[in-house]
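Pasted below: run_23.txt, compact mmCIF, N, CA and C atoms.
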```txt
# COMPACT_ATOMS: atom_id res chain seq x y z
N MET A 1 0.83 -1.18 0.00
CA MET A 1 0.00 0.00 0.00
C MET A 1 0.88 1.25 0.00
N HIS A 2 1.97 1.19 0.72
CA HIS A 2 2.88 2.32 0.78
C HIS A 2 3.40 2.66 -0.62
N ASP A 3 3.84 1.64 -1.36
CA ASP A 3 4.35 1.86 -2.71
C ASP A 3 3.28 2.45 -3.63
N PHE A 4 2.05 1.96 -3.52
CA PHE A 4 0.96 2.49 -4.33
C PHE A 4 0.74 3.97 -4.03
N LYS A 5 0.70 4.30 -2.75
CA LYS A 5 0.47 5.69 -2.36
C LYS A 5 1.59 6.61 -2.84
N GLU A 6 2.82 6.10 -2.84
CA GLU A 6 3.94 6.91 -3.35
C GLU A 6 3.82 7.14 -4.85
N GLU A 7 3.43 6.10 -5.58
CA GLU A 7 3.36 6.22 -7.03
C GLU A 7 2.12 6.98 -7.50
N TYR A 8 1.03 6.85 -6.77
CA TYR A 8 -0.23 7.49 -7.16
C TYR A 8 -0.70 8.41 -6.04
N GLU A 9 0.03 9.48 -5.84
CA GLU A 9 -0.24 10.40 -4.74
C GLU A 9 -1.65 10.96 -4.76
N ASN A 10 -2.20 11.14 -5.95
CA ASN A 10 -3.52 11.75 -6.06
C ASN A 10 -4.67 10.74 -5.91
N LYS A 11 -4.34 9.49 -5.61
CA LYS A 11 -5.36 8.46 -5.44
C LYS A 11 -5.53 8.13 -3.97
N ASN A 12 -6.76 7.81 -3.60
CA ASN A 12 -7.05 7.42 -2.23
C ASN A 12 -7.17 5.91 -2.16
N LEU A 13 -6.40 5.28 -1.31
CA LEU A 13 -6.41 3.83 -1.18
C LEU A 13 -6.74 3.47 0.25
N GLU A 14 -7.74 2.62 0.41
CA GLU A 14 -8.13 2.16 1.73
C GLU A 14 -8.14 0.64 1.74
N LEU A 15 -7.76 0.06 2.87
CA LEU A 15 -7.78 -1.38 3.02
C LEU A 15 -9.17 -1.81 3.45
N ALA A 16 -9.85 -2.58 2.58
CA ALA A 16 -11.19 -3.06 2.91
C ALA A 16 -11.14 -4.18 3.93
N GLY A 17 -10.06 -4.94 3.92
CA GLY A 17 -9.93 -6.02 4.88
C GLY A 17 -9.00 -7.09 4.38
N VAL A 18 -8.82 -8.09 5.21
CA VAL A 18 -7.96 -9.22 4.90
C VAL A 18 -8.85 -10.42 4.62
N VAL A 19 -8.58 -11.07 3.49
CA VAL A 19 -9.33 -12.29 3.16
C VAL A 19 -8.34 -13.42 2.94
N PHE A 20 -8.67 -14.57 3.45
CA PHE A 20 -7.85 -15.76 3.22
C PHE A 20 -8.40 -16.45 2.00
N ASN A 21 -7.53 -16.66 1.00
CA ASN A 21 -7.98 -17.35 -0.20
C ASN A 21 -7.23 -18.66 -0.35
N ALA A 22 -7.80 -19.54 -1.16
CA ALA A 22 -7.28 -20.89 -1.34
C ALA A 22 -7.23 -21.62 -0.01
N ALA A 23 -8.15 -21.26 0.87
CA ALA A 23 -8.19 -21.85 2.20
C ALA A 23 -8.82 -23.24 2.17
N SER A 24 -8.35 -24.09 3.05
CA SER A 24 -8.92 -25.43 3.12
C SER A 24 -9.21 -25.86 4.55
N ASP A 25 -8.60 -25.19 5.53
CA ASP A 25 -8.72 -25.57 6.94
C ASP A 25 -8.30 -27.02 7.16
N TYR A 26 -7.39 -27.49 6.36
CA TYR A 26 -6.98 -28.88 6.42
C TYR A 26 -5.66 -29.07 7.16
N LEU A 27 -4.72 -28.20 6.92
CA LEU A 27 -3.39 -28.36 7.48
C LEU A 27 -3.22 -27.54 8.75
N PRO A 28 -2.52 -28.06 9.75
CA PRO A 28 -2.28 -27.28 10.96
C PRO A 28 -1.48 -26.00 10.68
N GLU A 29 -0.62 -26.04 9.66
CA GLU A 29 0.16 -24.85 9.31
C GLU A 29 -0.76 -23.72 8.84
N GLU A 30 -1.84 -24.08 8.17
CA GLU A 30 -2.78 -23.06 7.72
C GLU A 30 -3.45 -22.38 8.92
N ALA A 31 -3.85 -23.16 9.90
CA ALA A 31 -4.47 -22.59 11.10
C ALA A 31 -3.49 -21.66 11.82
N LEU A 32 -2.25 -22.07 11.94
CA LEU A 32 -1.23 -21.24 12.58
C LEU A 32 -1.02 -19.95 11.80
N SER A 33 -0.95 -20.05 10.48
CA SER A 33 -0.76 -18.86 9.64
C SER A 33 -1.94 -17.90 9.79
N LYS A 34 -3.14 -18.44 9.78
CA LYS A 34 -4.34 -17.59 9.92
C LYS A 34 -4.34 -16.89 11.28
N ASP A 35 -4.02 -17.63 12.33
CA ASP A 35 -3.98 -17.03 13.67
C ASP A 35 -2.96 -15.90 13.73
N THR A 36 -1.81 -16.11 13.12
CA THR A 36 -0.77 -15.08 13.10
C THR A 36 -1.25 -13.83 12.37
N VAL A 37 -1.84 -14.02 11.20
CA VAL A 37 -2.33 -12.88 10.42
C VAL A 37 -3.46 -12.17 11.17
N LYS A 38 -4.33 -12.92 11.81
CA LYS A 38 -5.42 -12.29 12.58
C LYS A 38 -4.89 -11.45 13.73
N ARG A 39 -3.85 -11.91 14.39
CA ARG A 39 -3.23 -11.12 15.47
C ARG A 39 -2.64 -9.82 14.92
N ILE A 40 -1.96 -9.92 13.79
CA ILE A 40 -1.38 -8.72 13.16
C ILE A 40 -2.48 -7.77 12.73
N ALA A 41 -3.54 -8.32 12.16
CA ALA A 41 -4.66 -7.48 11.72
C ALA A 41 -5.30 -6.76 12.90
N LYS A 42 -5.51 -7.47 13.98
CA LYS A 42 -6.11 -6.85 15.17
C LYS A 42 -5.23 -5.73 15.70
N LYS A 43 -3.93 -5.99 15.75
CA LYS A 43 -2.97 -4.99 16.23
C LYS A 43 -3.02 -3.72 15.38
N ASN A 44 -3.25 -3.89 14.08
CA ASN A 44 -3.26 -2.75 13.16
C ASN A 44 -4.65 -2.19 12.89
N GLY A 45 -5.66 -2.79 13.49
CA GLY A 45 -7.03 -2.31 13.30
C GLY A 45 -7.61 -2.67 11.94
N TRP A 46 -7.12 -3.75 11.34
CA TRP A 46 -7.60 -4.18 10.03
C TRP A 46 -8.76 -5.16 10.20
N TYR A 47 -9.74 -5.02 9.38
CA TYR A 47 -10.88 -5.93 9.36
C TYR A 47 -10.44 -7.26 8.74
N VAL A 48 -10.89 -8.36 9.31
CA VAL A 48 -10.65 -9.68 8.73
C VAL A 48 -12.01 -10.24 8.33
N PHE A 49 -12.15 -10.55 7.06
CA PHE A 49 -13.42 -11.09 6.59
C PHE A 49 -13.74 -12.40 7.29
N GLU A 50 -14.99 -12.57 7.64
CA GLU A 50 -15.44 -13.79 8.29
C GLU A 50 -15.34 -14.98 7.34
N ARG A 51 -15.65 -14.73 6.10
CA ARG A 51 -15.72 -15.79 5.09
C ARG A 51 -14.39 -15.91 4.37
N ASP A 52 -13.82 -17.11 4.35
CA ASP A 52 -12.65 -17.40 3.53
C ASP A 52 -13.10 -17.74 2.11
N VAL A 53 -12.21 -17.58 1.15
CA VAL A 53 -12.47 -18.07 -0.20
C VAL A 53 -11.78 -19.42 -0.29
N GLU A 54 -12.58 -20.47 -0.25
CA GLU A 54 -12.03 -21.83 -0.22
C GLU A 54 -11.33 -22.17 -1.52
N TYR A 55 -10.40 -23.09 -1.41
CA TYR A 55 -9.72 -23.60 -2.60
C TYR A 55 -10.72 -24.32 -3.50
N SER A 56 -10.61 -24.10 -4.79
CA SER A 56 -11.43 -24.82 -5.76
C SER A 56 -10.67 -24.91 -7.07
N ARG A 57 -10.67 -26.08 -7.65
CA ARG A 57 -10.05 -26.24 -8.98
C ARG A 57 -10.86 -25.52 -10.04
N SER A 58 -12.06 -25.10 -9.69
CA SER A 58 -12.89 -24.38 -10.66
C SER A 58 -12.38 -22.98 -10.96
N TYR A 59 -11.58 -22.38 -10.05
CA TYR A 59 -11.04 -21.04 -10.34
C TYR A 59 -10.09 -21.06 -11.53
N PRO A 60 -9.05 -21.89 -11.54
CA PRO A 60 -8.20 -21.91 -12.73
C PRO A 60 -8.93 -22.44 -13.96
N LYS A 61 -9.84 -23.39 -13.76
CA LYS A 61 -10.61 -23.90 -14.90
C LYS A 61 -11.47 -22.79 -15.49
N GLY A 62 -12.09 -22.01 -14.62
CA GLY A 62 -12.89 -20.88 -15.08
C GLY A 62 -12.07 -19.88 -15.85
N ALA A 63 -10.82 -19.65 -15.40
CA ALA A 63 -9.94 -18.74 -16.12
C ALA A 63 -9.66 -19.27 -17.52
N ARG A 64 -9.44 -20.57 -17.62
CA ARG A 64 -9.20 -21.16 -18.95
C ARG A 64 -10.45 -21.06 -19.82
N GLU A 65 -11.61 -21.22 -19.22
CA GLU A 65 -12.87 -21.15 -19.96
C GLU A 65 -13.34 -19.71 -20.17
N GLY A 66 -12.71 -18.77 -19.47
CA GLY A 66 -13.13 -17.37 -19.58
C GLY A 66 -14.45 -17.11 -18.88
N GLU A 67 -14.70 -17.85 -17.79
CA GLU A 67 -15.96 -17.74 -17.06
C GLU A 67 -15.70 -17.60 -15.56
N PRO A 68 -16.61 -16.92 -14.85
CA PRO A 68 -16.50 -16.89 -13.39
C PRO A 68 -16.90 -18.26 -12.82
N ILE A 69 -16.62 -18.47 -11.57
CA ILE A 69 -16.93 -19.77 -10.96
C ILE A 69 -18.41 -20.11 -11.08
N PHE A 70 -19.26 -19.10 -11.13
CA PHE A 70 -20.71 -19.33 -11.22
C PHE A 70 -21.09 -20.02 -12.53
N ARG A 71 -20.27 -19.84 -13.57
CA ARG A 71 -20.60 -20.43 -14.87
C ARG A 71 -19.53 -21.40 -15.37
N THR A 72 -18.62 -21.78 -14.49
CA THR A 72 -17.60 -22.74 -14.87
C THR A 72 -18.23 -24.13 -14.95
N SER A 73 -17.92 -24.85 -15.99
CA SER A 73 -18.53 -26.17 -16.16
C SER A 73 -18.16 -27.10 -15.01
N TYR A 74 -19.14 -27.74 -14.48
CA TYR A 74 -19.00 -28.75 -13.42
C TYR A 74 -18.45 -28.21 -12.10
N SER A 75 -18.58 -26.91 -11.86
CA SER A 75 -18.13 -26.40 -10.56
C SER A 75 -19.09 -26.89 -9.48
N ARG A 76 -18.55 -27.17 -8.33
CA ARG A 76 -19.37 -27.69 -7.23
C ARG A 76 -20.22 -26.58 -6.63
N TRP A 77 -21.45 -26.94 -6.31
CA TRP A 77 -22.39 -25.97 -5.75
C TRP A 77 -21.83 -25.36 -4.48
N SER A 78 -21.20 -26.17 -3.62
CA SER A 78 -20.69 -25.66 -2.34
C SER A 78 -19.60 -24.61 -2.55
N LYS A 79 -18.78 -24.76 -3.57
CA LYS A 79 -17.72 -23.79 -3.85
C LYS A 79 -18.31 -22.50 -4.41
N VAL A 80 -19.31 -22.65 -5.27
CA VAL A 80 -20.01 -21.48 -5.81
C VAL A 80 -20.67 -20.71 -4.67
N LYS A 81 -21.35 -21.42 -3.78
CA LYS A 81 -22.05 -20.78 -2.66
C LYS A 81 -21.05 -20.09 -1.73
N ASN A 82 -19.90 -20.73 -1.48
CA ASN A 82 -18.87 -20.13 -0.65
C ASN A 82 -18.43 -18.79 -1.22
N PHE A 83 -18.17 -18.75 -2.53
CA PHE A 83 -17.73 -17.49 -3.12
C PHE A 83 -18.85 -16.46 -3.09
N GLU A 84 -20.07 -16.89 -3.33
CA GLU A 84 -21.22 -15.99 -3.28
C GLU A 84 -21.34 -15.33 -1.90
N LEU A 85 -21.17 -16.12 -0.84
CA LEU A 85 -21.25 -15.57 0.51
C LEU A 85 -20.11 -14.60 0.80
N PHE A 86 -18.90 -14.92 0.32
CA PHE A 86 -17.81 -13.97 0.49
C PHE A 86 -18.10 -12.68 -0.28
N ALA A 87 -18.59 -12.81 -1.51
CA ALA A 87 -18.88 -11.64 -2.34
C ALA A 87 -19.91 -10.74 -1.67
N GLU A 88 -20.91 -11.33 -1.03
CA GLU A 88 -21.91 -10.54 -0.31
C GLU A 88 -21.28 -9.80 0.86
N GLU A 89 -20.42 -10.49 1.62
CA GLU A 89 -19.75 -9.85 2.74
C GLU A 89 -18.86 -8.71 2.25
N PHE A 90 -18.12 -8.95 1.18
CA PHE A 90 -17.25 -7.92 0.60
C PHE A 90 -18.08 -6.72 0.14
N ALA A 91 -19.15 -6.98 -0.58
CA ALA A 91 -20.00 -5.88 -1.08
C ALA A 91 -20.55 -5.05 0.06
N ASN A 92 -21.00 -5.71 1.11
CA ASN A 92 -21.50 -4.96 2.28
C ASN A 92 -20.39 -4.16 2.93
N ARG A 93 -19.22 -4.73 2.99
CA ARG A 93 -18.08 -4.05 3.63
C ARG A 93 -17.68 -2.78 2.90
N VAL A 94 -17.71 -2.82 1.58
CA VAL A 94 -17.28 -1.65 0.79
C VAL A 94 -18.46 -0.76 0.39
N GLY A 95 -19.65 -1.12 0.83
CA GLY A 95 -20.81 -0.26 0.59
C GLY A 95 -21.44 -0.37 -0.77
N LEU A 96 -21.38 -1.54 -1.38
CA LEU A 96 -22.04 -1.75 -2.68
C LEU A 96 -23.45 -2.26 -2.50
```
Could I get this file's structure written as structure tokens?
Amino acid sequence: MHDFKEEYENKNLELAGVVFNAASDYLPEEALSKDTVKRIAKKNGWYVFERDVEYSRSYPKGAREGEPIFRTSYSRWSKVKNFELFAEEFANRVGL
């Protein structure tokens, strides 16, 4: 953010929050990393989104197909719903 502000002095940049992406809650290292980031965020007054963006093979597949996860062929309903819930939280957070 510092570099952006230096390069684009006339632009206003605000941190909407921290989101964990490609999350799986599977590995203990992931839980440790999330806890560490959450402590840093709290210390700095940064919002941490409640909803993670879970890992899905449909994201790269969608990129190859030129489609969002909502229209990627054979994407799992649960992954689509997960992203939809994050998108709603994000939209509310930024006032859309």
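Between atom N of Arg93 in chain A and atom N of Arg51 in chain A there is a distance of 11.1 Å.
Among the candidates A:Asp3, A:Glu14, A:Asp25, A:Glu30, the residue lying nearest to Glu54 in chain A is A:Asp25 (atoms considered: only C-alpha atoms).
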> Contacts of Pro60 in chain A at 12 Å or less, counting only C-alpha atoms, minus same-chain residues fewer than 6 places along, as a PyMOL selection string?
Replying inline: chain A and resi 22+66-69+72-73+75
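Closest approach to Glu50 in chain A from the set A:Lys5, A:Val19, A:Asn12, A:Gly95 is made by A:Val19, with distances taken over only N, CA and C atoms.
Counting only N, CA and C atoms, the residue from A:Tyr8, A:Met1, A:Phe49, A:Leu13 that sits nearest to Phe90 in chain A is A:Phe49.
Here atom C of Ala23 in chain A and CA of Tyr55 in chain A stand 4.9 Å from one another.
If you look at CA of Glu9 in chain A and CA of Val48 in chain A, they are 26.3 Å away from each other.
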> Could you pull out the strand (DSSP E or B) residues of chain A from DSSP and send them as a PyMOL selection string?
Replying inline: chain A and resi 18+21-23+48+53-54
Those of range 2-96 of chain A in DSSP alpha helix (DSSP H), formatted as a short mmCIF file (atom, residue, chain, number, x, y, z; two decimals) with N, CA and C atoms, in the coordinates of the input:
```cif
data_model
loop_
_atom_site.label_atom_id
_atom_site.label_comp_id
_atom_site.auth_asym_id
_atom_site.auth_seq_id
_atom_site.Cartn_x
_atom_site.Cartn_y
_atom_site.Cartn_z
N HIS A 2 1.97 1.19 0.72
CA HIS A 2 2.88 2.32 0.78
C HIS A 2 3.40 2.66 -0.62
N ASP A 3 3.84 1.64 -1.36
CA ASP A 3 4.35 1.86 -2.71
C ASP A 3 3.28 2.45 -3.63
N PHE A 4 2.05 1.96 -3.52
CA PHE A 4 0.96 2.49 -4.33
C PHE A 4 0.74 3.97 -4.03
N LYS A 5 0.70 4.30 -2.75
CA LYS A 5 0.47 5.69 -2.36
C LYS A 5 1.59 6.61 -2.84
N GLU A 6 2.82 6.10 -2.84
CA GLU A 6 3.94 6.91 -3.35
C GLU A 6 3.82 7.14 -4.85
N GLU A 7 3.43 6.10 -5.58
CA GLU A 7 3.36 6.22 -7.03
C GLU A 7 2.12 6.98 -7.50
N PRO A 28 -2.52 -28.06 9.75
CA PRO A 28 -2.28 -27.28 10.96
C PRO A 28 -1.48 -26.00 10.68
N GLU A 29 -0.62 -26.04 9.66
CA GLU A 29 0.16 -24.85 9.31
C GLU A 29 -0.76 -23.72 8.84
N GLU A 30 -1.84 -24.08 8.17
CA GLU A 30 -2.78 -23.06 7.72
C GLU A 30 -3.45 -22.38 8.92
N ALA A 31 -3.85 -23.16 9.90
CA ALA A 31 -4.47 -22.59 11.10
C ALA A 31 -3.49 -21.66 11.82
N LEU A 32 -2.25 -22.07 11.94
CA LEU A 32 -1.23 -21.24 12.58
C LEU A 32 -1.02 -19.95 11.80
N SER A 33 -0.95 -20.05 10.48
CA SER A 33 -0.76 -18.86 9.64
C SER A 33 -1.94 -17.90 9.79
N LYS A 34 -3.14 -18.44 9.78
CA LYS A 34 -4.34 -17.59 9.92
C LYS A 34 -4.34 -16.89 11.28
N ASP A 35 -4.02 -17.63 12.33
CA ASP A 35 -3.98 -17.03 13.67
C ASP A 35 -2.96 -15.90 13.73
N THR A 36 -1.81 -16.11 13.12
CA THR A 36 -0.77 -15.08 13.10
C THR A 36 -1.25 -13.83 12.37
N VAL A 37 -1.84 -14.02 11.20
CA VAL A 37 -2.33 -12.88 10.42
C VAL A 37 -3.46 -12.17 11.17
N LYS A 38 -4.33 -12.92 11.81
CA LYS A 38 -5.42 -12.29 12.58
C LYS A 38 -4.89 -11.45 13.73
N ARG A 39 -3.85 -11.91 14.39
CA ARG A 39 -3.23 -11.12 15.47
C ARG A 39 -2.64 -9.82 14.92
N ILE A 40 -1.96 -9.92 13.79
CA ILE A 40 -1.38 -8.72 13.16
C ILE A 40 -2.48 -7.77 12.73
N ALA A 41 -3.54 -8.32 12.16
CA ALA A 41 -4.66 -7.48 11.72
C ALA A 41 -5.30 -6.76 12.90
N LYS A 42 -5.51 -7.47 13.98
CA LYS A 42 -6.11 -6.85 15.17
C LYS A 42 -5.23 -5.73 15.70
N LYS A 43 -3.93 -5.99 15.75
CA LYS A 43 -2.97 -4.99 16.23
C LYS A 43 -3.02 -3.72 15.38
N ASN A 44 -3.25 -3.89 14.08
CA ASN A 44 -3.26 -2.75 13.16
C ASN A 44 -4.65 -2.19 12.89
N SER A 58 -12.06 -25.10 -9.69
CA SER A 58 -12.89 -24.38 -10.66
C SER A 58 -12.38 -22.98 -10.96
N TYR A 59 -11.58 -22.38 -10.05
CA TYR A 59 -11.04 -21.04 -10.34
C TYR A 59 -10.09 -21.06 -11.53
N PRO A 60 -9.05 -21.89 -11.54
CA PRO A 60 -8.20 -21.91 -12.73
C PRO A 60 -8.93 -22.44 -13.96
N LYS A 61 -9.84 -23.39 -13.76
CA LYS A 61 -10.61 -23.90 -14.90
C LYS A 61 -11.47 -22.79 -15.49
N GLY A 62 -12.09 -22.01 -14.62
CA GLY A 62 -12.89 -20.88 -15.08
C GLY A 62 -12.07 -19.88 -15.85
N ALA A 63 -10.82 -19.65 -15.40
CA ALA A 63 -9.94 -18.74 -16.12
C ALA A 63 -9.66 -19.27 -17.52
N ARG A 64 -9.44 -20.57 -17.62
CA ARG A 64 -9.20 -21.16 -18.95
C ARG A 64 -10.45 -21.06 -19.82
N GLU A 65 -11.61 -21.22 -19.22
CA GLU A 65 -12.87 -21.15 -19.96
C GLU A 65 -13.34 -19.71 -20.17
N TRP A 77 -21.45 -26.94 -6.31
CA TRP A 77 -22.39 -25.97 -5.75
C TRP A 77 -21.83 -25.36 -4.48
N SER A 78 -21.20 -26.17 -3.62
CA SER A 78 -20.69 -25.66 -2.34
C SER A 78 -19.60 -24.61 -2.55
N LYS A 79 -18.78 -24.76 -3.57
CA LYS A 79 -17.72 -23.79 -3.85
C LYS A 79 -18.31 -22.50 -4.41
N VAL A 80 -19.31 -22.65 -5.27
CA VAL A 80 -20.01 -21.48 -5.81
C VAL A 80 -20.67 -20.71 -4.67
N LYS A 81 -21.35 -21.42 -3.78
CA LYS A 81 -22.05 -20.78 -2.66
C LYS A 81 -21.05 -20.09 -1.73
N ASN A 82 -19.90 -20.73 -1.48
CA ASN A 82 -18.87 -20.13 -0.65
C ASN A 82 -18.43 -18.79 -1.22
N PHE A 83 -18.17 -18.75 -2.53
CA PHE A 83 -17.73 -17.49 -3.12
C PHE A 83 -18.85 -16.46 -3.09
N GLU A 84 -20.07 -16.89 -3.33
CA GLU A 84 -21.22 -15.99 -3.28
C GLU A 84 -21.34 -15.33 -1.90
N LEU A 85 -21.17 -16.12 -0.84
CA LEU A 85 -21.25 -15.57 0.51
C LEU A 85 -20.11 -14.60 0.80
N PHE A 86 -18.90 -14.92 0.32
CA PHE A 86 -17.81 -13.97 0.49
C PHE A 86 -18.10 -12.68 -0.28
N ALA A 87 -18.59 -12.81 -1.51
CA ALA A 87 -18.88 -11.64 -2.34
C ALA A 87 -19.91 -10.74 -1.67
N GLU A 88 -20.91 -11.33 -1.03
CA GLU A 88 -21.91 -10.54 -0.31
C GLU A 88 -21.28 -9.80 0.86
N GLU A 89 -20.42 -10.49 1.62
CA GLU A 89 -19.75 -9.85 2.74
C GLU A 89 -18.86 -8.71 2.25
N PHE A 90 -18.12 -8.95 1.18
CA PHE A 90 -17.25 -7.92 0.60
C PHE A 90 -18.08 -6.72 0.14
N ALA A 91 -19.15 -6.98 -0.58
CA ALA A 91 -20.00 -5.88 -1.08
C ALA A 91 -20.55 -5.05 0.06
N ASN A 92 -21.00 -5.71 1.11
CA ASN A 92 -21.50 -4.96 2.28
C ASN A 92 -20.39 -4.16 2.93
N ARG A 93 -19.22 -4.73 2.99
CA ARG A 93 -18.08 -4.05 3.63
C ARG A 93 -17.68 -2.78 2.90
N VAL A 94 -17.71 -2.82 1.58
CA VAL A 94 -17.28 -1.65 0.79
C VAL A 94 -18.46 -0.76 0.39
#
```
